[in-house]
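Coordinates from upload.pdb are shown below (PDB, C-alpha atoms, pLDDT in the B column).
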```pdb
ATOM      1  CA  MET A   1       0.000   0.000   0.000  1.00 81.00           C
ATOM      2  CA  ILE A   2       2.838   2.410   0.846  1.00 86.00           C
ATOM      3  CA  ALA A   3       4.585   1.485  -2.402  1.00 87.00           C
ATOM      4  CA  LEU A   4       1.384   2.209  -4.310  1.00 86.00           C
ATOM      5  CA  ALA A   5       1.024   5.562  -2.547  1.00 89.00           C
ATOM      6  CA  ALA A   6       4.600   6.469  -3.511  1.00 91.00           C
ATOM      7  CA  PHE A   7       3.899   5.362  -7.090  1.00 88.00           C
ATOM      8  CA  ARG A   8       0.817   7.558  -7.316  1.00 89.00           C
ATOM      9  CA  LEU A   9       2.653  10.531  -5.846  1.00 92.00           C
ATOM     10  CA  ALA A  10       5.489  10.054  -8.340  1.00 91.00           C
ATOM     11  CA  ALA A  11       2.996   9.758 -11.196  1.00 89.00           C
ATOM     12  CA  TYR A  12       1.367  12.999 -10.072  1.00 92.00           C
ATOM     13  CA  VAL A  13       4.717  14.784 -10.202  1.00 91.00           C
ATOM     14  CA  ARG A  14       5.704  13.253 -13.558  1.00 90.00           C
ATOM     15  CA  SER A  15       2.367  14.218 -15.095  1.00 87.00           C
ATOM     16  CA  HIS A  16       3.197  17.888 -14.367  1.00 86.00           C
ATOM     17  CA  ARG A  17      -0.227  18.330 -12.739  1.00 87.00           C
ATOM     18  CA  VAL A  18       1.596  19.186  -9.548  1.00 91.00           C
ATOM     19  CA  TYR A  19       2.779  22.434 -11.126  1.00 92.00           C
ATOM     20  CA  GLN A  20      -0.797  23.645 -11.573  1.00 91.00           C
ATOM     21  CA  ALA A  21      -1.404  23.516  -7.832  1.00 93.00           C
ATOM     22  CA  LEU A  22       2.109  24.750  -7.042  1.00 94.00           C
ATOM     23  CA  LEU A  23       1.829  27.818  -9.284  1.00 95.00           C
ATOM     24  CA  LEU A  24      -1.615  28.594  -7.890  1.00 94.00           C
ATOM     25  CA  ALA A  25      -0.255  28.300  -4.344  1.00 95.00           C
ATOM     26  CA  LEU A  26       2.717  30.526  -5.121  1.00 95.00           C
ATOM     27  CA  ALA A  27       0.472  33.169  -6.686  1.00 94.00           C
ATOM     28  CA  LEU A  28      -1.761  33.138  -3.607  1.00 94.00           C
ATOM     29  CA  LEU A  29       1.226  33.390  -1.278  1.00 94.00           C
ATOM     30  CA  ALA A  30       2.752  36.244  -3.273  1.00 93.00           C
ATOM     31  CA  ILE A  31      -0.484  38.218  -2.932  1.00 92.00           C
ATOM     32  CA  LEU A  32      -1.112  37.298   0.687  1.00 91.00           C
ATOM     33  CA  TYR A  33       2.432  38.051   1.847  1.00 91.00           C
ATOM     34  CA  GLY A  34       3.257  40.932  -0.471  1.00 86.00           C
ATOM     35  CA  SER A  35       4.498  42.839   2.576  1.00 85.00           C
ATOM     36  CA  ARG A  36       5.540  41.701   6.018  1.00 89.00           C
ATOM     37  CA  ALA A  37       2.937  41.879   8.752  1.00 86.00           C
ATOM     38  CA  PRO A  38       3.841  44.182  11.669  1.00 85.00           C
ATOM     39  CA  LYS A  39       5.168  42.654  14.843  1.00 87.00           C
ATOM     40  CA  GLY A  40       2.402  41.277  17.019  1.00 84.00           C
ATOM     41  CA  GLU A  41       0.243  40.145  14.075  1.00 90.00           C
ATOM     42  CA  GLU A  42       2.132  36.911  13.417  1.00 91.00           C
ATOM     43  CA  THR A  43      -0.541  34.533  14.693  1.00 93.00           C
ATOM     44  CA  SER A  44      -3.418  36.041  12.740  1.00 93.00           C
ATOM     45  CA  VAL A  45      -1.407  36.307   9.504  1.00 94.00           C
ATOM     46  CA  LEU A  46      -0.167  32.727   9.690  1.00 95.00           C
ATOM     47  CA  THR A  47      -3.663  31.445  10.482  1.00 96.00           C
ATOM     48  CA  ASP A  48      -5.188  33.381   7.579  1.00 95.00           C
ATOM     49  CA  GLY A  49      -2.728  31.621   5.288  1.00 95.00           C
ATOM     50  CA  ALA A  50      -3.714  28.211   6.653  1.00 96.00           C
ATOM     51  CA  VAL A  51      -7.386  28.928   5.894  1.00 96.00           C
ATOM     52  CA  LEU A  52      -6.931  30.354   2.393  1.00 95.00           C
ATOM     53  CA  ILE A  53      -4.587  27.578   1.245  1.00 97.00           C
ATOM     54  CA  VAL A  54      -7.259  24.899   1.827  1.00 97.00           C
ATOM     55  CA  ALA A  55      -8.866  25.497  -1.585  1.00 96.00           C
ATOM     56  CA  VAL A  56      -5.509  25.075  -3.345  1.00 96.00           C
ATOM     57  CA  LEU A  57      -4.777  21.912  -1.375  1.00 97.00           C
ATOM     58  CA  ALA A  58      -8.178  20.504  -2.348  1.00 97.00           C
ATOM     59  CA  TRP A  59      -7.329  21.184  -5.987  1.00 96.00           C
ATOM     60  CA  ALA A  60      -4.026  19.344  -5.554  1.00 96.00           C
ATOM     61  CA  ALA A  61      -5.671  16.327  -3.891  1.00 96.00           C
ATOM     62  CA  ARG A  62      -8.340  16.144  -6.594  1.00 96.00           C
ATOM     63  CA  SER A  63      -5.715  16.357  -9.350  1.00 94.00           C
ATOM     64  CA  LEU A  64      -3.604  13.613  -7.800  1.00 95.00           C
ATOM     65  CA  LEU A  65      -6.538  11.248  -7.396  1.00 93.00           C
ATOM     66  CA  ASP A  66      -7.609  11.945 -10.986  1.00 90.00           C
ATOM     67  CA  THR A  67      -4.151  11.375 -12.482  1.00 85.00           C
ATOM     68  CA  GLU A  68      -4.455   7.590 -12.557  1.00 79.00           C
ATOM     69  CA  PRO A  69      -6.828   6.251 -15.258  1.00 78.00           C
ATOM     70  CA  ASP A  70      -9.781   4.189 -14.062  1.00 74.00           C
ATOM     71  CA  ARG A  71      -8.458   0.931 -15.525  1.00 78.00           C
ATOM     72  CA  GLN A  72      -5.075   1.500 -13.967  1.00 76.00           C
ATOM     73  CA  ARG A  73      -6.818   2.089 -10.633  1.00 74.00           C
ATOM     74  CA  GLU A  74      -8.527  -1.281 -10.954  1.00 77.00           C
ATOM     75  CA  MET A  75      -5.210  -2.975 -11.703  1.00 79.00           C
ATOM     76  CA  SER A  76      -3.641  -1.222  -8.739  1.00 75.00           C
ATOM     77  CA  ALA A  77      -6.385  -2.576  -6.477  1.00 74.00           C
ATOM     78  CA  ILE A  78      -5.611  -6.115  -7.623  1.00 75.00           C
ATOM     79  CA  GLN A  79      -1.864  -5.698  -7.146  1.00 75.00           C
ATOM     80  CA  ALA A  80      -2.227  -3.978  -3.763  1.00 72.00           C
ATOM     81  CA  GLY A  81      -4.411  -6.760  -2.408  1.00 75.00           C
ATOM     82  CA  GLY A  82      -7.861  -5.209  -2.511  1.00 79.00           C
ATOM     83  CA  ARG A  83      -9.929  -2.115  -3.151  1.00 80.00           C
ATOM     84  CA  GLY A  84      -9.501  -0.910   0.423  1.00 85.00           C
ATOM     85  CA  ARG A  85      -5.733  -0.723   0.127  1.00 88.00           C
ATOM     86  CA  GLU A  86      -5.983   1.054  -3.211  1.00 87.00           C
ATOM     87  CA  VAL A  87      -8.306   3.663  -1.712  1.00 91.00           C
ATOM     88  CA  ALA A  88      -6.044   4.114   1.319  1.00 92.00           C
ATOM     89  CA  ALA A  89      -2.968   4.457  -0.908  1.00 92.00           C
ATOM     90  CA  GLY A  90      -4.652   7.200  -2.914  1.00 92.00           C
ATOM     91  CA  LEU A  91      -5.592   9.124   0.213  1.00 95.00           C
ATOM     92  CA  ILE A  92      -2.092   8.770   1.657  1.00 96.00           C
ATOM     93  CA  ALA A  93      -0.580  10.080  -1.577  1.00 95.00           C
ATOM     94  CA  ALA A  94      -3.068  12.956  -1.720  1.00 96.00           C
ATOM     95  CA  PHE A  95      -2.348  13.916   1.888  1.00 97.00           C
ATOM     96  CA  ALA A  96       1.394  13.775   1.241  1.00 97.00           C
ATOM     97  CA  ALA A  97       1.007  16.163  -1.701  1.00 96.00           C
ATOM     98  CA  CYS A  98      -1.171  18.506   0.358  1.00 97.00           C
ATOM     99  CA  ALA A  99       1.237  18.364   3.293  1.00 97.00           C
ATOM    100  CA  GLY A 100       4.125  19.295   0.996  1.00 96.00           C
ATOM    101  CA  LEU A 101       2.282  22.324  -0.378  1.00 97.00           C
ATOM    102  CA  ALA A 102       1.160  23.317   3.122  1.00 97.00           C
ATOM    103  CA  ALA A 103       4.783  23.137   4.304  1.00 97.00           C
ATOM    104  CA  ILE A 104       5.830  25.438   1.459  1.00 96.00           C
ATOM    105  CA  ALA A 105       3.066  27.865   2.405  1.00 96.00           C
ATOM    106  CA  LEU A 106       4.082  27.856   6.076  1.00 96.00           C
ATOM    107  CA  ALA A 107       7.776  28.297   5.261  1.00 96.00           C
ATOM    108  CA  TRP A 108       6.978  31.217   2.933  1.00 95.00           C
ATOM    109  CA  ALA A 109       4.822  32.821   5.619  1.00 94.00           C
ATOM    110  CA  LEU A 110       7.489  32.496   8.302  1.00 94.00           C
ATOM    111  CA  LEU A 111      10.311  33.726   6.083  1.00 93.00           C
ATOM    112  CA  LEU A 112       8.587  36.494   4.134  1.00 91.00           C
ATOM    113  CA  GLY A 113       5.196  37.151   5.694  1.00 91.00           C
ATOM    114  CA  VAL A 114       5.891  38.065   9.322  1.00 91.00           C
ATOM    115  CA  SER A 115       8.347  40.320  11.095  1.00 87.00           C
ATOM    116  CA  ALA A 116       9.048  37.918  13.957  1.00 88.00           C
ATOM    117  CA  THR A 117       8.606  34.264  14.790  1.00 89.00           C
ATOM    118  CA  PRO A 118       5.696  33.636  17.185  1.00 91.00           C
ATOM    119  CA  PRO A 119       6.302  32.000  20.586  1.00 92.00           C
ATOM    120  CA  PRO A 120       6.969  28.234  20.519  1.00 94.00           C
ATOM    121  CA  ALA A 121       3.519  27.271  21.834  1.00 95.00           C
ATOM    122  CA  VAL A 122       1.759  29.447  19.252  1.00 94.00           C
ATOM    123  CA  LEU A 123       4.045  28.210  16.490  1.00 95.00           C
ATOM    124  CA  ALA A 124       3.204  24.608  17.406  1.00 96.00           C
ATOM    125  CA  ALA A 125      -0.516  25.416  17.197  1.00 96.00           C
ATOM    126  CA  VAL A 126      -0.033  27.111  13.821  1.00 96.00           C
ATOM    127  CA  ILE A 127       1.878  24.105  12.481  1.00 97.00           C
ATOM    128  CA  ALA A 128      -0.974  21.885  13.647  1.00 97.00           C
ATOM    129  CA  LEU A 129      -3.458  24.143  11.826  1.00 97.00           C
ATOM    130  CA  TYR A 130      -1.497  23.767   8.593  1.00 98.00           C
ATOM    131  CA  ALA A 131      -1.553  19.984   9.064  1.00 98.00           C
ATOM    132  CA  LEU A 132      -5.326  20.157   9.562  1.00 98.00           C
ATOM    133  CA  ALA A 133      -5.567  22.360   6.471  1.00 97.00           C
ATOM    134  CA  ALA A 134      -3.762  19.640   4.510  1.00 98.00           C
ATOM    135  CA  LEU A 135      -6.203  17.054   5.856  1.00 98.00           C
ATOM    136  CA  ALA A 136      -9.204  19.262   5.039  1.00 97.00           C
ATOM    137  CA  GLY A 137      -7.881  19.839   1.530  1.00 97.00           C
ATOM    138  CA  THR A 138      -7.396  16.102   1.072  1.00 97.00           C
ATOM    139  CA  ALA A 139     -10.969  15.403   2.179  1.00 97.00           C
ATOM    140  CA  LEU A 140     -12.536  18.061  -0.052  1.00 97.00           C
ATOM    141  CA  GLY A 141     -10.412  17.049  -3.019  1.00 96.00           C
ATOM    142  CA  ALA A 142     -11.284  13.373  -2.553  1.00 96.00           C
ATOM    143  CA  LEU A 143     -15.021  14.063  -2.381  1.00 96.00           C
ATOM    144  CA  THR A 144     -14.858  15.983  -5.670  1.00 95.00           C
ATOM    145  CA  SER A 145     -12.518  13.576  -7.497  1.00 94.00           C
ATOM    146  CA  ARG A 146     -13.492  11.715 -10.677  1.00 90.00           C
ATOM    147  CA  ALA A 147     -14.205   8.492  -8.815  1.00 86.00           C
ATOM    148  CA  ILE A 148     -17.030  10.294  -6.976  1.00 92.00           C
ATOM    149  CA  VAL A 149     -18.079  13.047  -9.400  1.00 91.00           C
ATOM    150  CA  ARG A 150     -17.764  11.950 -13.016  1.00 86.00           C
ATOM    151  CA  SER A 151     -18.234  15.357 -14.679  1.00 90.00           C
ATOM    152  CA  PRO A 152     -15.112  17.572 -14.549  1.00 88.00           C
ATOM    153  CA  ALA A 153     -17.230  20.728 -14.653  1.00 90.00           C
ATOM    154  CA  VAL A 154     -19.423  19.561 -11.778  1.00 94.00           C
ATOM    155  CA  SER A 155     -16.322  18.409  -9.905  1.00 93.00           C
ATOM    156  CA  ILE A 156     -14.592  21.803 -10.074  1.00 93.00           C
ATOM    157  CA  THR A 157     -17.816  23.619  -9.240  1.00 94.00           C
ATOM    158  CA  GLY A 158     -18.414  21.284  -6.314  1.00 94.00           C
ATOM    159  CA  LEU A 159     -14.903  21.897  -4.999  1.00 96.00           C
ATOM    160  CA  LEU A 160     -15.309  25.672  -5.082  1.00 95.00           C
ATOM    161  CA  LEU A 161     -18.828  25.594  -3.673  1.00 96.00           C
ATOM    162  CA  GLY A 162     -17.747  23.133  -0.989  1.00 96.00           C
ATOM    163  CA  PHE A 163     -14.981  25.468   0.149  1.00 97.00           C
ATOM    164  CA  LEU A 164     -17.289  28.507   0.074  1.00 96.00           C
ATOM    165  CA  ALA A 165     -20.006  26.594   1.940  1.00 96.00           C
ATOM    166  CA  THR A 166     -17.483  25.638   4.607  1.00 96.00           C
ATOM    167  CA  LEU A 167     -16.525  29.286   5.026  1.00 96.00           C
ATOM    168  CA  LEU A 168     -20.164  30.372   5.107  1.00 96.00           C
ATOM    169  CA  VAL A 169     -21.284  27.803   7.676  1.00 97.00           C
ATOM    170  CA  SER A 170     -18.253  28.418   9.847  1.00 96.00           C
ATOM    171  CA  THR A 171     -19.158  32.107  10.124  1.00 95.00           C
ATOM    172  CA  SER A 172     -22.458  31.187  11.787  1.00 94.00           C
ATOM    173  CA  PRO A 173     -23.260  29.886  15.282  1.00 94.00           C
ATOM    174  CA  LEU A 174     -23.467  26.462  13.607  1.00 95.00           C
ATOM    175  CA  TYR A 175     -19.724  26.474  12.908  1.00 95.00           C
ATOM    176  CA  TRP A 176     -19.489  23.070  14.596  1.00 95.00           C
ATOM    177  CA  LEU A 177     -21.312  21.547  11.590  1.00 95.00           C
ATOM    178  CA  THR A 178     -18.205  21.832   9.428  1.00 95.00           C
ATOM    179  CA  VAL A 179     -14.465  22.383   9.602  1.00 96.00           C
ATOM    180  CA  PRO A 180     -14.352  25.676  11.584  1.00 97.00           C
ATOM    181  CA  LEU A 181     -12.073  27.667   9.293  1.00 96.00           C
ATOM    182  CA  ILE A 182     -13.409  31.106  10.181  1.00 97.00           C
ATOM    183  CA  PRO A 183     -13.265  30.392  13.941  1.00 97.00           C
ATOM    184  CA  TRP A 184      -9.568  29.583  13.391  1.00 96.00           C
ATOM    185  CA  MET A 185      -9.117  33.124  12.090  1.00 96.00           C
ATOM    186  CA  ARG A 186     -11.296  34.730  14.754  1.00 96.00           C
ATOM    187  CA  ALA A 187      -9.444  32.977  17.564  1.00 96.00           C
ATOM    188  CA  ALA A 188      -6.084  34.044  16.141  1.00 95.00           C
ATOM    189  CA  ASN A 189      -7.204  37.649  15.677  1.00 94.00           C
ATOM    190  CA  ALA A 190      -8.528  37.740  19.248  1.00 93.00           C
ATOM    191  CA  GLY A 191      -5.283  36.305  20.636  1.00 91.00           C
ATOM    192  CA  ASP A 192      -7.125  33.227  21.895  1.00 94.00           C
ATOM    193  CA  LEU A 193      -5.802  30.594  19.500  1.00 94.00           C
ATOM    194  CA  LEU A 194      -4.156  28.543  22.240  1.00 95.00           C
ATOM    195  CA  GLY A 195      -7.223  28.696  24.466  1.00 95.00           C
ATOM    196  CA  ARG A 196      -9.611  27.528  21.745  1.00 95.00           C
ATOM    197  CA  PHE A 197      -7.192  25.227  19.974  1.00 96.00           C
ATOM    198  CA  PRO A 198      -8.346  21.921  21.576  1.00 96.00           C
ATOM    199  CA  GLU A 199     -11.987  22.571  20.619  1.00 96.00           C
ATOM    200  CA  LEU A 200     -11.269  23.789  17.093  1.00 97.00           C
ATOM    201  CA  ALA A 201      -8.714  21.082  16.393  1.00 97.00           C
ATOM    202  CA  ALA A 202     -11.071  18.352  17.599  1.00 97.00           C
ATOM    203  CA  LEU A 203     -13.914  19.647  15.399  1.00 97.00           C
ATOM    204  CA  SER A 204     -11.616  19.982  12.404  1.00 97.00           C
ATOM    205  CA  LEU A 205     -10.175  16.504  12.791  1.00 97.00           C
ATOM    206  CA  ALA A 206     -13.596  14.933  13.349  1.00 97.00           C
ATOM    207  CA  TRP A 207     -15.158  16.436  10.217  1.00 97.00           C
ATOM    208  CA  CYS A 208     -12.120  15.615   8.080  1.00 97.00           C
ATOM    209  CA  LEU A 209     -12.221  11.990   9.203  1.00 97.00           C
ATOM    210  CA  ILE A 210     -15.980  11.818   8.577  1.00 97.00           C
ATOM    211  CA  ALA A 211     -15.482  13.170   5.056  1.00 96.00           C
ATOM    212  CA  LEU A 212     -12.652  10.737   4.321  1.00 97.00           C
ATOM    213  CA  ALA A 213     -14.717   7.846   5.703  1.00 96.00           C
ATOM    214  CA  GLY A 214     -17.581   8.894   3.426  1.00 95.00           C
ATOM    215  CA  TYR A 215     -15.235   8.918   0.441  1.00 94.00           C
ATOM    216  CA  ALA A 216     -13.889   5.474   1.305  1.00 93.00           C
ATOM    217  CA  TRP A 217     -17.404   4.097   1.845  1.00 93.00           C
ATOM    218  CA  ARG A 218     -18.547   5.459  -1.509  1.00 91.00           C
ATOM    219  CA  ARG A 219     -15.527   4.039  -3.322  1.00 88.00           C
ATOM    220  CA  LEU A 220     -15.906   0.596  -1.752  1.00 87.00           C
ATOM    221  CA  ARG A 221     -19.668   0.562  -2.326  1.00 84.00           C
ATOM    222  CA  THR A 222     -19.351   1.333  -6.027  1.00 74.00           C
ATOM    223  CA  SER A 223     -16.386  -0.943  -6.719  1.00 56.00           C
TER     224      SER A 223
END
```

Rewrite the coordinates I just gave you, this time as C-alpha cells.
Amino acid sequence: MIALAAFRLAAYVRSHRVYQALLLALALLAILYGSRAPKGEETSVLTDGAVLIVAVLAWAARSLLDTEPDRQREMSAIQAGGRGREVAAGLIAAFAACAGLAAIALAWALLLGVSATPPPAVLAAVIALYALAALAGTALGALTSRAIVRSPAVSITGLLLGFLATLLVSTSPLYWLTVPLIPWMRAANAGDLLGRFPELAALSLAWCLIALAGYAWRRLRTS
C-alpha cells in the first residue's frame, strides 16, 4: 500500500499536474504576503494563510486522485491486495502532496510574511493548523474527485462551492457543523488561538475523518 502511494505521488509529479497547484499556491502566497505583517500580528497572519490555502490543497488532492486512469486504478487494487488498500494508498498520496504544499506555504509565511517568529507554543498550534488544512484539503479534493463526481465541470464547481459553503457555515453559530475555518481566524485575531485550539482542532479533525470515511465508503460501495 505504501509502495502504491509512492507510485501515485510520483505519477502525479511526472504528469506535471503538480505544477498547476504549485503555481496557484505561489500566486496566492505572493499576494497574501506581499508585505511583512507588523510585529504582534504573526498569529493572525499565519492562520489566515492556513485557511486560504485549503482550496488550493483541495485542488491538488483532486488532481492527484484523478491522475491515474480508471483501468489502472482497478489494476492497482488487484496488485495492492484489494480495493480498500488502493483507496487508502490514494488518500495517503493525496495527503502527502497537500502536506508538501502546506509546508511550502508555512515556510513562505514564516520567512517572508511576518516580522518575527511567534512564541513556541503558538508556532506549534499554527503548524498543527497547517496539518489540519492539509487534511481538510485532502478530504474536499477526494469528495470531488473523478471516482465520486464523473463530470469535470461539476467536480470543479463542487470543490469551489464546498470550500465557500465551509466558510459560510463556519461564520455562523453552527460552525461546529463543518471544519471551523473562520473560527480559526477569529481565535487568532482575538489572541485566543491557544485557548480555543483543543476545541477547534477536535472539530476539524472529526469532520475531516468523517469526510474521508464517506469517500472510502462510496468508493468501496461502487467498486

Legend entry - Within 12 Å of file point (4.6, 32.0, 16.6), counting all atoms listed in the file, expressed as a PyMOL selection string: chain A and resi 39-47+106+109-110+114-128+188+191+193-194

Inset, instruction - Return the single residue from A:Ala25, A:Ala190, A:Val54, A:Cys98 that is closest to Thr166 in chain A, with distances computed using only C-alpha atoms. - result: A:Val54

Legend entry - Residue with smallest distance to Gly84 in chain A - pool A:Leu26, A:Ala216, A:Ala105, A:Leu64, counting only C-alpha atoms: A:Ala216

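Proximity ranking of A:Arg219, A:Arg62, A:His16, A:Arg146 relative to Ala88 in chain A places A:Arg219 first, based on only C-alpha atoms.
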
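Note that CA of Ala89 in chain A and CA of Val51 in chain A are 25.8 Å apart.
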
Inset, instruction - Between A:Ala60, A:Phe7, A:Glu86, A:Trp108, single out the one closest to Leu28 in chain A, counting only C-alpha atoms. - result: A:Trp108

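For the structure shown here, the set of residues caught by the PyMOL selection byres ((chain A and resi 170-179) around 8) is A:Ala136, A:Thr166, A:Leu167, A:Leu168, A:Val169, A:Pro180, A:Leu181, A:Ile182, A:Pro183, A:Leu203, A:Ser204, A:Leu205, A:Trp207, A:Cys208.
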
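The point (-1.2, 17.8, -2.3) has these residues within 8 Å of it when only C-alpha atoms are used: Val18, Ala21, Leu57, Ala58, Trp59, Ala60, Ala61, Leu64, Ala93, Ala94, Phe95, Ala96, Ala97, Cys98, Ala99, Gly100, Leu101, Ala134, Gly137 and Thr138 of chain A.
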
Same residues, C-alpha atoms, saved as a PDB file, in the coordinates of the input:
```
ATOM      1  CA  VAL A  18       1.596  19.186  -9.548  1.00 91.00           C
ATOM      2  CA  ALA A  21      -1.404  23.516  -7.832  1.00 93.00           C
ATOM      3  CA  LEU A  57      -4.777  21.912  -1.375  1.00 97.00           C
ATOM      4  CA  ALA A  58      -8.178  20.504  -2.348  1.00 97.00           C
ATOM      5  CA  TRP A  59      -7.329  21.184  -5.987  1.00 96.00           C
ATOM      6  CA  ALA A  60      -4.026  19.344  -5.554  1.00 96.00           C
ATOM      7  CA  ALA A  61      -5.671  16.327  -3.891  1.00 96.00           C
ATOM      8  CA  LEU A  64      -3.604  13.613  -7.800  1.00 95.00           C
ATOM      9  CA  ALA A  93      -0.580  10.080  -1.577  1.00 95.00           C
ATOM     10  CA  ALA A  94      -3.068  12.956  -1.720  1.00 96.00           C
ATOM     11  CA  PHE A  95      -2.348  13.916   1.888  1.00 97.00           C
ATOM     12  CA  ALA A  96       1.394  13.775   1.241  1.00 97.00           C
ATOM     13  CA  ALA A  97       1.007  16.163  -1.701  1.00 96.00           C
ATOM     14  CA  CYS A  98      -1.171  18.506   0.358  1.00 97.00           C
ATOM     15  CA  ALA A  99       1.237  18.364   3.293  1.00 97.00           C
ATOM     16  CA  GLY A 100       4.125  19.295   0.996  1.00 96.00           C
ATOM     17  CA  LEU A 101       2.282  22.324  -0.378  1.00 97.00           C
ATOM     18  CA  ALA A 134      -3.762  19.640   4.510  1.00 98.00           C
ATOM     19  CA  GLY A 137      -7.881  19.839   1.530  1.00 97.00           C
ATOM     20  CA  THR A 138      -7.396  16.102   1.072  1.00 97.00           C
TER      21      THR A 138
END
```
